[in-house]
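See below for the structure under consideration.
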Amino acid sequence: MTTPQDLATLQDQLMARYDSGSWGSGFPEDPSQFGSCFNDFTDVPDPADFGDYTTALLETLKKLAPGGFDTSTSDDSGQPVTANGNSVLDMVSTAGIELDDWTGQASDGFFTWSQSWKTGISNQFAAVSVLRQLLHAEAAIWTAALDDLKNLGEAAYEALEAADDQFDTGAGDITTTLKVVGAVVAVAAAVPTAGASLSILTAVGAGVTVASTGMDLYAGAQTDSQKFATCCPRDVLADLMDGVSKVRTAVRDAEQKIAEQLDTNNGVIDGAWSEFCQPPPTLTTVHRDHIGAYEGLGTWGGEG
Amino acid sequence: MSRHELFRESWNEVVVRATSPNGCVHLTMQGDRDVRFSFDDAWFHRTTLTDFTDQLTRTFRLALVQRTQTYNRHREMVTGHVTTPIDGSRNPHLQTFVDKRDSLVVEGASADGRVSITAVGLRRFVVTLDPDLWSAGDRGAVERGLEEAGNALLRDQFAQMYELKQAGH
């Protein structure tokens, strides 16, 4: 997996190769671009850094899971990541029954509340799952972008060498394949709901397999390519910057898709807040807006 | 050693072969140098000079196609990058390069000057043999003369192409 540091090293190598070449008059206008072509990408997120967050969210999902679930992702060996439901959650739903000696308004309120408790948890599970998918998509974008940029740099290096080779005719274009980061998030993915009925959330498909050491791209069918002329450094640089521009555009488009998904889902959750964070049980005649201490149950924002 | 250097080094060992349409002229070329010819002896002694040079020029064209395909496949195998014919339409610089390459006139001659080969853009070939050399019917001498001329032509081709690359089109 390519890291931002790899790109910094690669652009240094490109600059050094250009500086050591014998180029006649085929100069680029600004040769220093060989040494700065990846500058926009040297401080981007390292895809491996997402692993801790997705792992933490998986643990959250396990706690919120009303039933067994499939995360729509796989581990480093390609096996689907699945988990069992959290049986502790069942105890809440059945608590009202077990409190045989508890009667009265508070008991009735608690019982009513406990019957819909699991629905709210299921919806929270779905929301966390969406967040995790979005993180996967982010990791996938940067994995694809960094790999594509590395391929561009390596192809440009080879093209420079061919251009500087007096026994290479320069009559061929070197072609490198790009994964097209935009395609990474075009894969549709279902929201794991662990049996919940809620289906109003949507999730971009990360198209990744998740490994403990990082993430590998799902081999999508859609690819693009970039040709490199091998006849002079001016054309090599033009092709390199064209390829970098393609990657930059693809990243922007992919990020836009993720942002739109996030906005859509935020809107869904805001619009159906009580489905995600249920009102507290009516235990007394005190209005429930005035009842606090619901740690662990979410924050009840009132009925609006 | 870079991937291109690995490719360059290993290309020197690759042999390209071509045979004339009538099957009587055989050409081998190793690593863009060391051109070798061999002719069917019976055909050589009964064919006309016109037919002979016609078969030779056709063999050159076949050899060039074979060489380019082999070169690109070998580069892909060593470097992992696919090589396709240059696409001049991508920018005006490249189109200029392609146009100049296609009109490049290169030539090579044997040491004694009795055999010469001229090529335009490596597409149209003209082979000229001294009438005395041809009438002598010495197959070995003709093969050697063509080999010297062929190697000289390749050297001229690479020299001019490098000059074209250096000129920035």
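Just so we're on the same page: first chain in the structure tokens is A, next is B, and so on; residues restart at 1 for each chain, and ligands are numbered from 1 in the order they show up.
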
- Item | Expected answer as number ranges by chain: chain A residues within 9 Å of chain B, only C-alpha atoms | A: 22-27, 155, 157-159, 161-177, 227-235

Just write the chosen residues, N, CA and C atoms, as an mmCIF file, in the first residue's frame.
```cif
data_model
loop_
_atom_site.group_PDB
_atom_site.id
_atom_site.type_symbol
_atom_site.label_atom_id
_atom_site.label_comp_id
_atom_site.auth_asym_id
_atom_site.auth_seq_id
_atom_site.Cartn_x
_atom_site.Cartn_y
_atom_site.Cartn_z
ATOM 1 N N SER A 22 20.123 13.959 -20.445
ATOM 2 C CA SER A 22 20.644 14.783 -21.528
ATOM 3 C C SER A 22 19.497 15.038 -22.489
ATOM 4 N N TRP A 23 18.963 16.253 -22.445
ATOM 5 C CA TRP A 23 17.657 16.463 -23.072
ATOM 6 C C TRP A 23 17.644 17.301 -24.331
ATOM 7 N N GLY A 24 18.766 17.727 -24.818
ATOM 8 C CA GLY A 24 18.709 18.564 -26.012
ATOM 9 C C GLY A 24 17.852 19.780 -25.729
ATOM 10 N N SER A 25 16.839 20.001 -26.567
ATOM 11 C CA SER A 25 16.008 21.188 -26.372
ATOM 12 C C SER A 25 14.560 20.854 -26.030
ATOM 13 N N GLY A 26 14.319 19.641 -25.611
ATOM 14 C CA GLY A 26 12.933 19.262 -25.276
ATOM 15 C C GLY A 26 12.572 19.560 -23.838
ATOM 16 N N PHE A 27 12.898 20.783 -23.406
ATOM 17 C CA PHE A 27 12.689 21.115 -21.992
ATOM 18 C C PHE A 27 11.231 21.441 -21.687
ATOM 19 N N ALA A 155 5.566 5.294 -14.022
ATOM 20 C CA ALA A 155 5.488 5.320 -15.487
ATOM 21 C C ALA A 155 6.233 6.533 -16.042
ATOM 22 N N TYR A 157 8.747 8.000 -14.673
ATOM 23 C CA TYR A 157 10.186 7.742 -14.517
ATOM 24 C C TYR A 157 10.687 6.884 -15.677
ATOM 25 N N GLU A 158 9.914 5.871 -15.989
ATOM 26 C CA GLU A 158 10.310 4.987 -17.094
ATOM 27 C C GLU A 158 10.297 5.745 -18.423
ATOM 28 N N ALA A 159 9.292 6.602 -18.580
ATOM 29 C CA ALA A 159 9.210 7.389 -19.820
ATOM 30 C C ALA A 159 10.401 8.339 -19.939
ATOM 31 N N GLU A 161 13.360 7.808 -18.712
ATOM 32 C CA GLU A 161 14.522 6.985 -19.057
ATOM 33 C C GLU A 161 14.517 6.630 -20.541
ATOM 34 N N ALA A 162 13.331 6.317 -21.056
ATOM 35 C CA ALA A 162 13.231 5.982 -22.481
ATOM 36 C C ALA A 162 13.570 7.208 -23.335
ATOM 37 N N ALA A 163 13.112 8.377 -22.882
ATOM 38 C CA ALA A 163 13.382 9.604 -23.641
ATOM 39 C C ALA A 163 14.874 9.922 -23.654
ATOM 40 N N ASP A 164 15.564 9.500 -22.603
ATOM 41 C CA ASP A 164 16.995 9.787 -22.472
ATOM 42 C C ASP A 164 17.858 8.667 -23.062
ATOM 43 N N ASP A 165 17.212 7.680 -23.655
ATOM 44 C CA ASP A 165 17.904 6.495 -24.158
ATOM 45 C C ASP A 165 18.104 6.655 -25.668
ATOM 46 N N GLN A 166 19.348 6.686 -26.093
ATOM 47 C CA GLN A 166 19.589 6.914 -27.524
ATOM 48 C C GLN A 166 19.279 5.679 -28.360
ATOM 49 N N PHE A 167 18.963 4.580 -27.719
ATOM 50 C CA PHE A 167 18.582 3.393 -28.486
ATOM 51 C C PHE A 167 17.105 3.060 -28.329
ATOM 52 N N ASP A 168 16.358 4.019 -27.808
ATOM 53 C CA ASP A 168 14.904 3.864 -27.788
ATOM 54 C C ASP A 168 14.355 4.895 -28.762
ATOM 55 N N THR A 169 13.516 4.435 -29.671
ATOM 56 C CA THR A 169 13.057 5.357 -30.709
ATOM 57 C C THR A 169 12.075 6.391 -30.173
ATOM 58 N N GLY A 170 11.519 6.159 -28.999
ATOM 59 C CA GLY A 170 10.535 7.109 -28.482
ATOM 60 C C GLY A 170 9.225 7.027 -29.227
ATOM 61 N N ALA A 171 9.047 5.960 -29.972
ATOM 62 C CA ALA A 171 7.865 5.866 -30.836
ATOM 63 C C ALA A 171 6.702 5.135 -30.174
ATOM 64 N N GLY A 172 6.805 4.889 -28.875
ATOM 65 C CA GLY A 172 5.715 4.196 -28.197
ATOM 66 C C GLY A 172 5.252 4.976 -26.983
ATOM 67 N N ASP A 173 3.975 4.867 -26.700
ATOM 68 C CA ASP A 173 3.428 5.458 -25.475
ATOM 69 C C ASP A 173 3.399 4.390 -24.386
ATOM 70 N N ILE A 174 3.913 4.729 -23.226
ATOM 71 C CA ILE A 174 3.794 3.841 -22.075
ATOM 72 C C ILE A 174 2.425 4.102 -21.439
ATOM 73 N N THR A 175 1.700 3.051 -21.187
ATOM 74 C CA THR A 175 0.366 3.222 -20.622
ATOM 75 C C THR A 175 0.309 2.627 -19.227
ATOM 76 N N THR A 176 -0.222 3.397 -18.307
ATOM 77 C CA THR A 176 -0.417 2.873 -16.960
ATOM 78 C C THR A 176 -1.906 2.923 -16.612
ATOM 79 N N THR A 177 -2.331 1.907 -15.889
ATOM 80 C CA THR A 177 -3.742 1.803 -15.541
ATOM 81 C C THR A 177 -4.024 2.526 -14.232
ATOM 82 N N LYS A 227 -1.526 7.708 -20.706
ATOM 83 C CA LYS A 227 -0.415 7.433 -21.612
ATOM 84 C C LYS A 227 0.735 8.389 -21.323
ATOM 85 N N PHE A 228 1.940 7.879 -21.527
ATOM 86 C CA PHE A 228 3.141 8.711 -21.370
ATOM 87 C C PHE A 228 3.956 8.651 -22.648
ATOM 88 N N ALA A 229 4.166 9.818 -23.238
ATOM 89 C CA ALA A 229 5.067 9.890 -24.377
ATOM 90 C C ALA A 229 6.487 9.621 -23.890
ATOM 91 N N THR A 230 7.311 9.077 -24.776
ATOM 92 C CA THR A 230 8.675 8.722 -24.363
ATOM 93 C C THR A 230 9.713 9.452 -25.203
ATOM 94 N N CYS A 231 9.305 10.562 -25.825
ATOM 95 C CA CYS A 231 10.231 11.208 -26.754
ATOM 96 C C CYS A 231 10.938 12.433 -26.184
ATOM 97 N N CYS A 232 10.365 13.099 -25.188
ATOM 98 C CA CYS A 232 11.091 14.222 -24.588
ATOM 99 C C CYS A 232 10.470 14.544 -23.229
ATOM 100 N N PRO A 233 11.249 15.127 -22.320
ATOM 101 C CA PRO A 233 10.745 15.374 -20.971
ATOM 102 C C PRO A 233 9.570 16.341 -20.911
ATOM 103 N N ARG A 234 9.484 17.226 -21.880
ATOM 104 C CA ARG A 234 8.349 18.155 -21.874
ATOM 105 C C ARG A 234 7.031 17.380 -21.983
ATOM 106 N N ASP A 235 6.996 16.402 -22.894
ATOM 107 C CA ASP A 235 5.767 15.630 -23.061
ATOM 108 C C ASP A 235 5.543 14.666 -21.894
#
```

- Message: as a PyMOL selection string, please: every residue in range 119-191 of chain A that DSSP puts in alpha helix (DSSP H).
- Response: chain A and resi 119-163+181-184

- Provide the CA of Asp30 in chain A to CA of Leu7 in chain A distance in Å, to one decimal place.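 Separating CA of Asp30 in chain A from CA of Leu7 in chain A is a distance of 19.5 Å.
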
- A:Ala126, A:Leu57, A:Ala259, A:Val244 ranked by distance to Lys150 in chain A, top pick (using only C-alpha atoms): A:Val244

- Would you mind reading off the distance between CA of Thr47 in chain B and CA of Val16 in chain B, one decimal, in Å?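 Computing it gives 25.8 Å between the two atoms.
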
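Using only C-alpha atoms, the contacts of range 59-61 of chain B at a cut-off of 8 Å, with sequence neighbours closer than 3 positions omitted, comprise Ala18, Thr19, Ser20, Pro21, Val25, His26, Leu27, Gln55, Leu56, Leu64, Val65, Leu122, Arg123, Arg124 and Phe125 of chain B.
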
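Take CA of Gln33 in chain A and CA of Leu149 in chain A: the distance between them is 14.3 Å.
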
- Selection near range 80-89 of chain A, 6 Å with only C-alpha atoms, sequence-local residues under 4 positions removed, as a ChimeraX atom specification: /A:63,65-71,73-74

- Tell me which protein, DNA and RNA residues are within 8 Å of Pro31 in chain A, counting only C-alpha atoms, leaving out same-chain ones fewer than 6 positions away, and put them as a ChimeraX atom specification. /A:15,18,237

I need the residues from that last selection saved to file as a PDB file, in the first residue's frame (with N, CA and C atoms), if you can.
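Okay, this is what ended up in out_9.pdb:
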```pdb
ATOM      1  N   MET A  15      12.724  14.132 -10.070  1.00  0.00           N
ATOM      2  CA  MET A  15      13.503  15.361 -10.247  1.00  0.00           C
ATOM      3  C   MET A  15      14.968  15.016 -10.514  1.00  0.00           C
ATOM      4  N   TYR A  18      15.407  13.683 -13.996  1.00  0.00           N
ATOM      5  CA  TYR A  18      15.369  14.764 -14.988  1.00  0.00           C
ATOM      6  C   TYR A  18      16.699  15.520 -14.978  1.00  0.00           C
ATOM      7  N   LEU A 237       6.350  15.259 -18.800  1.00  0.00           N
ATOM      8  CA  LEU A 237       5.799  16.055 -17.697  1.00  0.00           C
ATOM      9  C   LEU A 237       4.341  16.429 -17.969  1.00  0.00           C
TER      10      LEU A 237
END
```

- Running DSSP on the backbone, which parts of range 16-113 of chain B land in strand (DSSP E or B), as number ranges by chain? B: 16-19, 25-30, 33-39, 82-85, 105-109

Write to file, as an mmCIF file, in the first residue's frame, the residues of the selection just made, with N, CA and C atoms.
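again21.cif, written as the output of this step:
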```cif
data_model
loop_
_atom_site.group_PDB
_atom_site.id
_atom_site.type_symbol
_atom_site.label_atom_id
_atom_site.label_comp_id
_atom_site.auth_asym_id
_atom_site.auth_seq_id
_atom_site.Cartn_x
_atom_site.Cartn_y
_atom_site.Cartn_z
ATOM 1 N N VAL B 16 14.726 -11.189 -33.219
ATOM 2 C CA VAL B 16 13.511 -11.026 -34.033
ATOM 3 C C VAL B 16 13.768 -11.671 -35.389
ATOM 4 N N ARG B 17 12.794 -12.428 -35.868
ATOM 5 C CA ARG B 17 12.956 -13.109 -37.154
ATOM 6 C C ARG B 17 11.830 -12.729 -38.095
ATOM 7 N N ALA B 18 12.180 -12.642 -39.362
ATOM 8 C CA ALA B 18 11.149 -12.398 -40.393
ATOM 9 C C ALA B 18 11.538 -13.168 -41.650
ATOM 10 N N THR B 19 10.502 -13.596 -42.348
ATOM 11 C CA THR B 19 10.717 -14.345 -43.597
ATOM 12 C C THR B 19 9.910 -13.692 -44.705
ATOM 13 N N VAL B 25 13.679 -15.577 -48.250
ATOM 14 C CA VAL B 25 14.587 -14.625 -47.597
ATOM 15 C C VAL B 25 14.329 -14.683 -46.093
ATOM 16 N N HIS B 26 15.393 -14.883 -45.356
ATOM 17 C CA HIS B 26 15.264 -14.959 -43.895
ATOM 18 C C HIS B 26 16.122 -13.869 -43.270
ATOM 19 N N LEU B 27 15.508 -13.130 -42.351
ATOM 20 C CA LEU B 27 16.221 -12.044 -41.683
ATOM 21 C C LEU B 27 16.120 -12.256 -40.182
ATOM 22 N N THR B 28 17.220 -12.128 -39.499
ATOM 23 C CA THR B 28 17.185 -12.131 -38.030
ATOM 24 C C THR B 28 17.880 -10.862 -37.539
ATOM 25 N N MET B 29 17.427 -10.391 -36.415
ATOM 26 C CA MET B 29 17.981 -9.164 -35.845
ATOM 27 C C MET B 29 17.985 -9.336 -34.330
ATOM 28 N N GLN B 30 19.135 -9.129 -33.745
ATOM 29 C CA GLN B 30 19.219 -9.296 -32.290
ATOM 30 C C GLN B 30 19.425 -7.948 -31.620
ATOM 31 N N ARG B 33 20.397 -4.784 -33.469
ATOM 32 C CA ARG B 33 21.733 -4.767 -34.080
ATOM 33 C C ARG B 33 21.979 -6.173 -34.620
ATOM 34 N N ASP B 34 23.106 -6.396 -35.143
ATOM 35 C CA ASP B 34 23.478 -7.721 -35.625
ATOM 36 C C ASP B 34 22.419 -8.301 -36.581
ATOM 37 N N VAL B 35 22.258 -7.594 -37.694
ATOM 38 C CA VAL B 35 21.319 -8.050 -38.731
ATOM 39 C C VAL B 35 21.961 -9.191 -39.521
ATOM 40 N N ARG B 36 21.196 -10.253 -39.707
ATOM 41 C CA ARG B 36 21.697 -11.388 -40.491
ATOM 42 C C ARG B 36 20.690 -11.751 -41.574
ATOM 43 N N PHE B 37 21.225 -12.085 -42.757
ATOM 44 C CA PHE B 37 20.381 -12.539 -43.857
ATOM 45 C C PHE B 37 20.783 -13.944 -44.269
ATOM 46 N N SER B 38 19.812 -14.678 -44.745
ATOM 47 C CA SER B 38 20.127 -15.935 -45.447
ATOM 48 C C SER B 38 19.086 -16.125 -46.544
ATOM 49 N N PHE B 39 19.530 -16.642 -47.667
ATOM 50 C CA PHE B 39 18.641 -16.821 -48.819
ATOM 51 C C PHE B 39 18.598 -18.291 -49.210
ATOM 52 N N VAL B 82 2.351 -1.336 -20.289
ATOM 53 C CA VAL B 82 1.944 -1.594 -21.662
ATOM 54 C C VAL B 82 2.477 -0.475 -22.556
ATOM 55 N N THR B 83 2.997 -0.857 -23.713
ATOM 56 C CA THR B 83 3.453 0.141 -24.669
ATOM 57 C C THR B 83 2.613 0.037 -25.930
ATOM 58 N N THR B 84 2.099 1.174 -26.360
ATOM 59 C CA THR B 84 1.263 1.205 -27.551
ATOM 60 C C THR B 84 1.874 2.196 -28.536
ATOM 61 N N PRO B 85 1.506 2.094 -29.803
ATOM 62 C CA PRO B 85 2.055 3.057 -30.777
ATOM 63 C C PRO B 85 1.755 4.488 -30.328
ATOM 64 N N VAL B 105 14.397 10.132 -43.401
ATOM 65 C CA VAL B 105 15.084 9.326 -44.413
ATOM 66 C C VAL B 105 16.382 8.805 -43.799
ATOM 67 N N VAL B 106 16.486 7.490 -43.720
ATOM 68 C CA VAL B 106 17.699 6.895 -43.148
ATOM 69 C C VAL B 106 18.289 5.944 -44.179
ATOM 70 N N GLU B 107 19.586 5.763 -44.082
ATOM 71 C CA GLU B 107 20.217 4.888 -45.062
ATOM 72 C C GLU B 107 21.426 4.186 -44.472
ATOM 73 N N GLY B 108 21.756 3.109 -45.117
ATOM 74 C CA GLY B 108 22.940 2.362 -44.717
ATOM 75 C C GLY B 108 23.559 1.711 -45.935
ATOM 76 N N ALA B 109 24.877 1.583 -45.902
ATOM 77 C CA ALA B 109 25.567 0.988 -47.055
ATOM 78 C C ALA B 109 26.617 0.005 -46.572
#
```

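By chain and then residue number, the residues within 8 Å of Phe125 in chain A are Leu61, Leu64, Ala65, Ile121, Ser122, Asn123, Ala127, Val128, Ser129, Thr193 and Ala194 of chain A, counting only C-alpha atoms and disregarding those fewer than 2 positions away in sequence.
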
The selected residues should be written to file as a PDB file, in the first residue's frame (atoms: N, CA and C atoms).
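Result file is part23.pdb:
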```
ATOM      1  N   LEU A  61     -20.572  -1.437  16.950  1.00  0.00           N
ATOM      2  CA  LEU A  61     -21.635  -2.209  16.289  1.00  0.00           C
ATOM      3  C   LEU A  61     -21.964  -3.477  17.069  1.00  0.00           C
ATOM      4  N   LEU A  64     -24.155  -2.662  19.877  1.00  0.00           N
ATOM      5  CA  LEU A  64     -25.490  -2.208  19.493  1.00  0.00           C
ATOM      6  C   LEU A  64     -26.280  -3.263  18.711  1.00  0.00           C
ATOM      7  N   ALA A  65     -25.635  -4.382  18.390  1.00  0.00           N
ATOM      8  CA  ALA A  65     -26.264  -5.349  17.487  1.00  0.00           C
ATOM      9  C   ALA A  65     -27.420  -6.089  18.145  1.00  0.00           C
ATOM     10  N   ILE A 121     -32.346   0.943  19.222  1.00  0.00           N
ATOM     11  CA  ILE A 121     -30.965   0.443  19.191  1.00  0.00           C
ATOM     12  C   ILE A 121     -30.611  -0.056  17.796  1.00  0.00           C
ATOM     13  N   SER A 122     -31.558  -0.730  17.162  1.00  0.00           N
ATOM     14  CA  SER A 122     -31.314  -1.221  15.800  1.00  0.00           C
ATOM     15  C   SER A 122     -31.017  -0.077  14.852  1.00  0.00           C
ATOM     16  N   ASN A 123     -31.759   1.006  15.036  1.00  0.00           N
ATOM     17  CA  ASN A 123     -31.536   2.152  14.164  1.00  0.00           C
ATOM     18  C   ASN A 123     -30.191   2.825  14.449  1.00  0.00           C
ATOM     19  N   ALA A 127     -27.096   3.434  11.906  1.00  0.00           N
ATOM     20  CA  ALA A 127     -26.412   4.716  11.742  1.00  0.00           C
ATOM     21  C   ALA A 127     -24.898   4.559  11.911  1.00  0.00           C
ATOM     22  N   VAL A 128     -24.503   3.783  12.905  1.00  0.00           N
ATOM     23  CA  VAL A 128     -23.067   3.552  13.122  1.00  0.00           C
ATOM     24  C   VAL A 128     -22.485   2.784  11.934  1.00  0.00           C
ATOM     25  N   SER A 129     -23.289   1.847  11.432  1.00  0.00           N
ATOM     26  CA  SER A 129     -22.823   1.070  10.286  1.00  0.00           C
ATOM     27  C   SER A 129     -22.562   1.970   9.079  1.00  0.00           C
ATOM     28  N   THR A 193     -28.367  -3.941   8.991  1.00  0.00           N
ATOM     29  CA  THR A 193     -29.327  -3.513  10.009  1.00  0.00           C
ATOM     30  C   THR A 193     -29.508  -4.557  11.092  1.00  0.00           C
ATOM     31  N   ALA A 194     -28.821  -5.655  10.937  1.00  0.00           N
ATOM     32  CA  ALA A 194     -28.931  -6.720  11.947  1.00  0.00           C
ATOM     33  C   ALA A 194     -30.394  -7.072  12.216  1.00  0.00           C
TER      34      ALA A 194
END
```

Just the residues within 12 Å of Tyr53 in chain A, please, counting only C-alpha atoms, with nothing from its chain fewer than 3 positions along; format it as a PDB file with C-alpha atoms, in the first residue's frame.
```pdb
ATOM      1  CA  PRO A  47      -5.216   4.853   4.521  1.00  0.00           C
ATOM      2  CA  ALA A  48      -3.786   2.686   7.274  1.00  0.00           C
ATOM      3  CA  ASP A  49      -4.742   5.344   9.808  1.00  0.00           C
ATOM      4  CA  PHE A  50      -8.412   4.589   9.266  1.00  0.00           C
ATOM      5  CA  ALA A  56     -13.531   0.953  17.130  1.00  0.00           C
ATOM      6  CA  LEU A  57     -16.767   1.344  15.234  1.00  0.00           C
ATOM      7  CA  LEU A  58     -16.944  -2.407  14.747  1.00  0.00           C
ATOM      8  CA  GLU A  59     -16.788  -2.786  18.510  1.00  0.00           C
ATOM      9  CA  THR A  60     -19.585  -0.228  18.791  1.00  0.00           C
ATOM     10  CA  VAL A 128     -23.067   3.552  13.122  1.00  0.00           C
ATOM     11  CA  LEU A 131     -20.577   5.897   9.491  1.00  0.00           C
ATOM     12  CA  ARG A 132     -18.250   2.932   9.295  1.00  0.00           C
ATOM     13  CA  GLN A 133     -19.004   2.490   5.605  1.00  0.00           C
ATOM     14  CA  LEU A 134     -18.173   6.111   5.023  1.00  0.00           C
ATOM     15  CA  LEU A 135     -14.841   5.687   6.762  1.00  0.00           C
ATOM     16  CA  HIS A 136     -14.157   2.668   4.600  1.00  0.00           C
ATOM     17  CA  GLU A 138     -12.561   7.433   2.730  1.00  0.00           C
ATOM     18  CA  ALA A 139      -9.811   4.889   3.230  1.00  0.00           C
ATOM     19  CA  VAL A 210     -10.522  -4.333   5.644  1.00  0.00           C
ATOM     20  CA  SER A 212      -5.834  -5.308  10.384  1.00  0.00           C
ATOM     21  CA  GLY A 214      -4.673  -1.727   6.222  1.00  0.00           C
TER      22      GLY A 214
END
```
